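K.L.:
Can you read through this structure? Questions will come right after.
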Amino acid sequence: MFCPHCRTEFVGWRGKCPDCKILLVDAVPPEPGSVEKTLSYNDLVDLVKKSNGQMSIELIPAEVERQKKWRIPYLGYGYAWVKRFRGVSDGVAVELITTETGRQKKWTFPYFGFGFAWEKTLQGSIAGNDLTLIAKKVSRRRKWEFPWAGYGFAWTEELAGECGADLTVCLTITDVNRKKSLEFPYLGYGFAWARRGDLELKVIE
Ligand SMILES: [Zn+2]
């Protein structure tokens, strides 16, 4: 596991970086500004055209947010979402920030609390060009454990948007992280967030 801030690798650790208090991620994010180029919009469109009209970039979380809430008597609500995605392919860098999250909480008799959070709107840039993505498909799961621990998981599976007038963009989440945490006496917290995604750019015909 890696800290997205200080970039230290923590082997066998989980949770937060002890120094930065930021949630550890699976893969070390690319060094900021190391290999990246800025392209004019026309150059970016040309680049996609040259690769048969579509281009794919793998994204990983650079920052993950996690929250716990609880209510009397024994309702625990866990929320997690990716705050920032990053990826680089052939020097073309993508950075996306979650500007809006979706949230929901549910409970069922007697003491099962389920918290859900997912990425709703992402905004950022690709090689210096603005990009906005909106959630199109969201998944939700509930689990429970004896006696009254409820775990809610939600994550975005697909987001779509545009980059300028000539490119459509689609982000498909290909892998999801899930974690459960239990606190005395019956507070269950479920967390789910994207672990990996595939960003695809296509030229509009
Ligand atoms: Zn750190």
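A note on labels: chains of the structure tokens are A, B, ... as shown, every chain counts residues from 1, and ligands are counted from 1 in their shown order.
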Give the residues close to ligand 1, within 6 Å, counting only C-alpha atoms and all ligand atoms; write them as a PDB file with all heavy atoms, in the first residue's frame.
P.N.:
```
ATOM      1  N   CYS A   3       1.146   5.679   0.260  1.00  0.00           N
ATOM      2  CA  CYS A   3       0.529   6.943   0.645  1.00  0.00           C
ATOM      3  C   CYS A   3       0.538   7.863  -0.583  1.00  0.00           C
ATOM      4  O   CYS A   3       1.594   8.101  -1.163  1.00  0.00           O
ATOM      5  CB  CYS A   3       1.290   7.599   1.779  1.00  0.00           C
ATOM      6  SG  CYS A   3       0.734   9.280   2.098  1.00  0.00           S
ATOM      7  N   HIS A   5       0.232  10.932  -0.704  1.00  0.00           N
ATOM      8  CA  HIS A   5       0.815  12.243  -0.436  1.00  0.00           C
ATOM      9  C   HIS A   5       2.330  12.188  -0.334  1.00  0.00           C
ATOM     10  O   HIS A   5       3.039  12.789  -1.130  1.00  0.00           O
ATOM     11  CB  HIS A   5       0.193  12.834   0.826  1.00  0.00           C
ATOM     12  CG  HIS A   5       0.611  14.251   1.073  1.00  0.00           C
ATOM     13  ND1 HIS A   5       1.440  14.591   2.104  1.00  0.00           N
ATOM     14  CD2 HIS A   5       0.342  15.392   0.394  1.00  0.00           C
ATOM     15  CE1 HIS A   5       1.655  15.900   2.048  1.00  0.00           C
ATOM     16  NE2 HIS A   5       0.994  16.399   1.034  1.00  0.00           N
ATOM     17  N   CYS A   6       2.847  11.404   0.624  1.00  0.00           N
ATOM     18  CA  CYS A   6       4.309  11.338   0.785  1.00  0.00           C
ATOM     19  C   CYS A   6       4.922  10.237  -0.084  1.00  0.00           C
ATOM     20  O   CYS A   6       6.128  10.105  -0.167  1.00  0.00           O
ATOM     21  CB  CYS A   6       4.673  11.138   2.249  1.00  0.00           C
ATOM     22  SG  CYS A   6       4.152   9.565   2.948  1.00  0.00           S
ATOM     23  N   CYS A  17      -2.051   6.641   6.235  1.00  0.00           N
ATOM     24  CA  CYS A  17      -0.630   6.910   6.414  1.00  0.00           C
ATOM     25  C   CYS A  17      -0.433   7.503   7.807  1.00  0.00           C
ATOM     26  O   CYS A  17      -1.128   8.450   8.181  1.00  0.00           O
ATOM     27  CB  CYS A  17      -0.145   7.891   5.355  1.00  0.00           C
ATOM     28  SG  CYS A  17       1.541   8.468   5.668  1.00  0.00           S
ATOM     29  N   ASP A  19       1.808   9.372   8.956  1.00  0.00           N
ATOM     30  CA  ASP A  19       2.288  10.756   8.936  1.00  0.00           C
ATOM     31  C   ASP A  19       1.254  11.724   8.374  1.00  0.00           C
ATOM     32  O   ASP A  19       0.992  12.767   8.942  1.00  0.00           O
ATOM     33  CB  ASP A  19       3.569  10.867   8.095  1.00  0.00           C
ATOM     34  CG  ASP A  19       4.682  10.040   8.691  1.00  0.00           C
ATOM     35  OD1 ASP A  19       4.797  10.031   9.932  1.00  0.00           O
ATOM     36  OD2 ASP A  19       5.413   9.392   7.925  1.00  0.00           O
ATOM     37  N   CYS A  20       0.686  11.368   7.222  1.00  0.00           N
ATOM     38  CA  CYS A  20      -0.174  12.318   6.509  1.00  0.00           C
ATOM     39  C   CYS A  20      -1.652  12.152   6.850  1.00  0.00           C
ATOM     40  O   CYS A  20      -2.445  13.019   6.502  1.00  0.00           O
ATOM     41  CB  CYS A  20       0.007  12.168   5.006  1.00  0.00           C
ATOM     42  SG  CYS A  20       1.722  12.101   4.493  1.00  0.00           S
TER      43      CYS A  20
END
```
K.L.:
Name the residues of range 2-192 of chain A that come out as strand (DSSP E or B) in a backbone DSSP run; write them as an MDAnalysis selection string.
P.N.:
chainID A and resid 2 9 16 23 25 54:71 75:89 92:108 112:126 129:145 149:163 167:183 187:192
K.L.:
Go through A:Tyr151, A:Phe112, A:Ser125, A:Trp70 one by one, measure the shortest atom-to-atom distance of each to Val88 in chain A using only C-alpha atoms, and give the residue with the smallest value.
P.N.:
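The shortest atom-to-atom distance to Val88 in chain A comes from A:Ser125.
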K.L.:
Could you pull the residues within 12 Å of Ile72 in chain A, counting only C-alpha atoms, minus those fewer than 2 positions along the same chain, as a list in words?
P.N.:
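The residues satisfying every condition are Lys69, Trp70, Tyr74, Leu75, Gly76, Tyr77, Trp107, Pro110, Tyr111, Phe112, Gly113, Pro185, Tyr186 and Leu187 of chain A.
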K.L.:
So which residues touch Glu65 in chain A within 12 Å, counting only C-alpha atoms, skipping near sequence neighbours fewer than 4 positions away, as number ranges by chain?
P.N.:
A: 4, 15-16, 21-25, 61, 78-85, 97-98, 101, 117-119, 191-194
K.L.:
Identify which of the residues A:Lys37, A:Lys180, A:Arg140, A:Lys49 lies closest to Ala127 in chain A, counting only C-alpha atoms when measuring atom-to-atom distances.
P.N.:
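Counting only C-alpha atoms, the residue closest to Ala127 in chain A is A:Lys37.
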K.L.:
What is the distance between CA of Ser139 in chain A and CA of Leu182 in chain A, in Å to one decimal?
P.N.:
22.4 Å
K.L.:
Using only C-alpha atoms, which of the listed residues (A:Thr156, A:Ile173, A:Arg103, A:Pro18) sits closest to Glu200 in chain A?
P.N.:
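Looking at the shortest contact to Glu200 in chain A, the residue is A:Ile173.
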K.L.:
Taking only C-alpha atoms into account, which of A:Lys202, A:Arg86, A:Arg7, A:Arg196 comes nearest Leu44 in chain A?
P.N.:
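Smallest distance to Leu44 in chain A is found for A:Lys202.
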K.L.:
Hey, can you check how far CA of Ile204 in chain A sits from CA of Val48 in chain A?
P.N.:
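It comes out at 10.6 Å.
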K.L.:
Run DSSP on the backbone and grab whatever in chain A lands in helix (DSSP H, G or I); send it over as a PyMOL selection string.
P.N.:
chain A and resi 41-50
K.L.:
Hey, can you spit out that residue selection with N, CA and C atoms as a JSON list (two decimals), in the first residue's frame?
P.N.:
```json
[["chain", "number", "residue", "atom", "x", "y", "z"],
["A", 41, "TYR", "N", -5.87, 21.47, -27.79],
["A", 41, "TYR", "CA", -7.03, 20.61, -28.02],
["A", 41, "TYR", "C", -6.95, 19.90, -29.37],
["A", 42, "ASN", "N", -6.53, 20.60, -30.40],
["A", 42, "ASN", "CA", -6.42, 19.98, -31.72],
["A", 42, "ASN", "C", -5.39, 18.85, -31.76],
["A", 43, "ASP", "N", -4.29, 19.04, -31.04],
["A", 43, "ASP", "CA", -3.27, 17.99, -30.99],
["A", 43, "ASP", "C", -3.79, 16.75, -30.26],
["A", 44, "LEU", "N", -4.58, 17.00, -29.22],
["A", 44, "LEU", "CA", -5.15, 15.87, -28.48],
["A", 44, "LEU", "C", -6.12, 15.09, -29.37],
["A", 45, "VAL", "N", -6.97, 15.82, -30.09],
["A", 45, "VAL", "CA", -7.93, 15.15, -31.00],
["A", 45, "VAL", "C", -7.17, 14.38, -32.08],
["A", 46, "ASP", "N", -6.10, 14.98, -32.61],
["A", 46, "ASP", "CA", -5.29, 14.29, -33.62],
["A", 46, "ASP", "C", -4.67, 13.01, -33.08],
["A", 47, "LEU", "N", -4.19, 13.10, -31.86],
["A", 47, "LEU", "CA", -3.56, 11.94, -31.23],
["A", 47, "LEU", "C", -4.56, 10.78, -31.12],
["A", 48, "VAL", "N", -5.79, 11.10, -30.73],
["A", 48, "VAL", "CA", -6.82, 10.06, -30.62],
["A", 48, "VAL", "C", -7.18, 9.53, -32.00],
["A", 49, "LYS", "N", -7.28, 10.42, -32.97],
["A", 49, "LYS", "CA", -7.59, 9.99, -34.35],
["A", 49, "LYS", "C", -6.54, 9.01, -34.87],
["A", 50, "LYS", "N", -5.28, 9.32, -34.56],
["A", 50, "LYS", "CA", -4.18, 8.49, -35.05],
["A", 50, "LYS", "C", -4.23, 7.08, -34.46]]
```
K.L.:
Which one of A:Glu162, A:Glu36, A:Glu9, A:Asp90 sits closest to Ser56 in chain A if you count only C-alpha atoms?
P.N.:
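Result for the nearest residue to Ser56 in chain A: A:Asp90.
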K.L.:
For a quick check of understanding, using only C-alpha atoms, which of A:Glu145, A:Glu158, A:Phe153, A:Gly91 has the smallest distance to Thr121 in chain A?
P.N.:
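Once distances to Thr121 in chain A are computed over only C-alpha atoms, the minimum belongs to A:Glu158.
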K.L.:
To one decimal in Å, tell me the separation between CA of Ala62 in chain A and CA of Lys106 in chain A.
P.N.:
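Computed distance, CA of Ala62 in chain A to CA of Lys106 in chain A, equals 29.0 Å.
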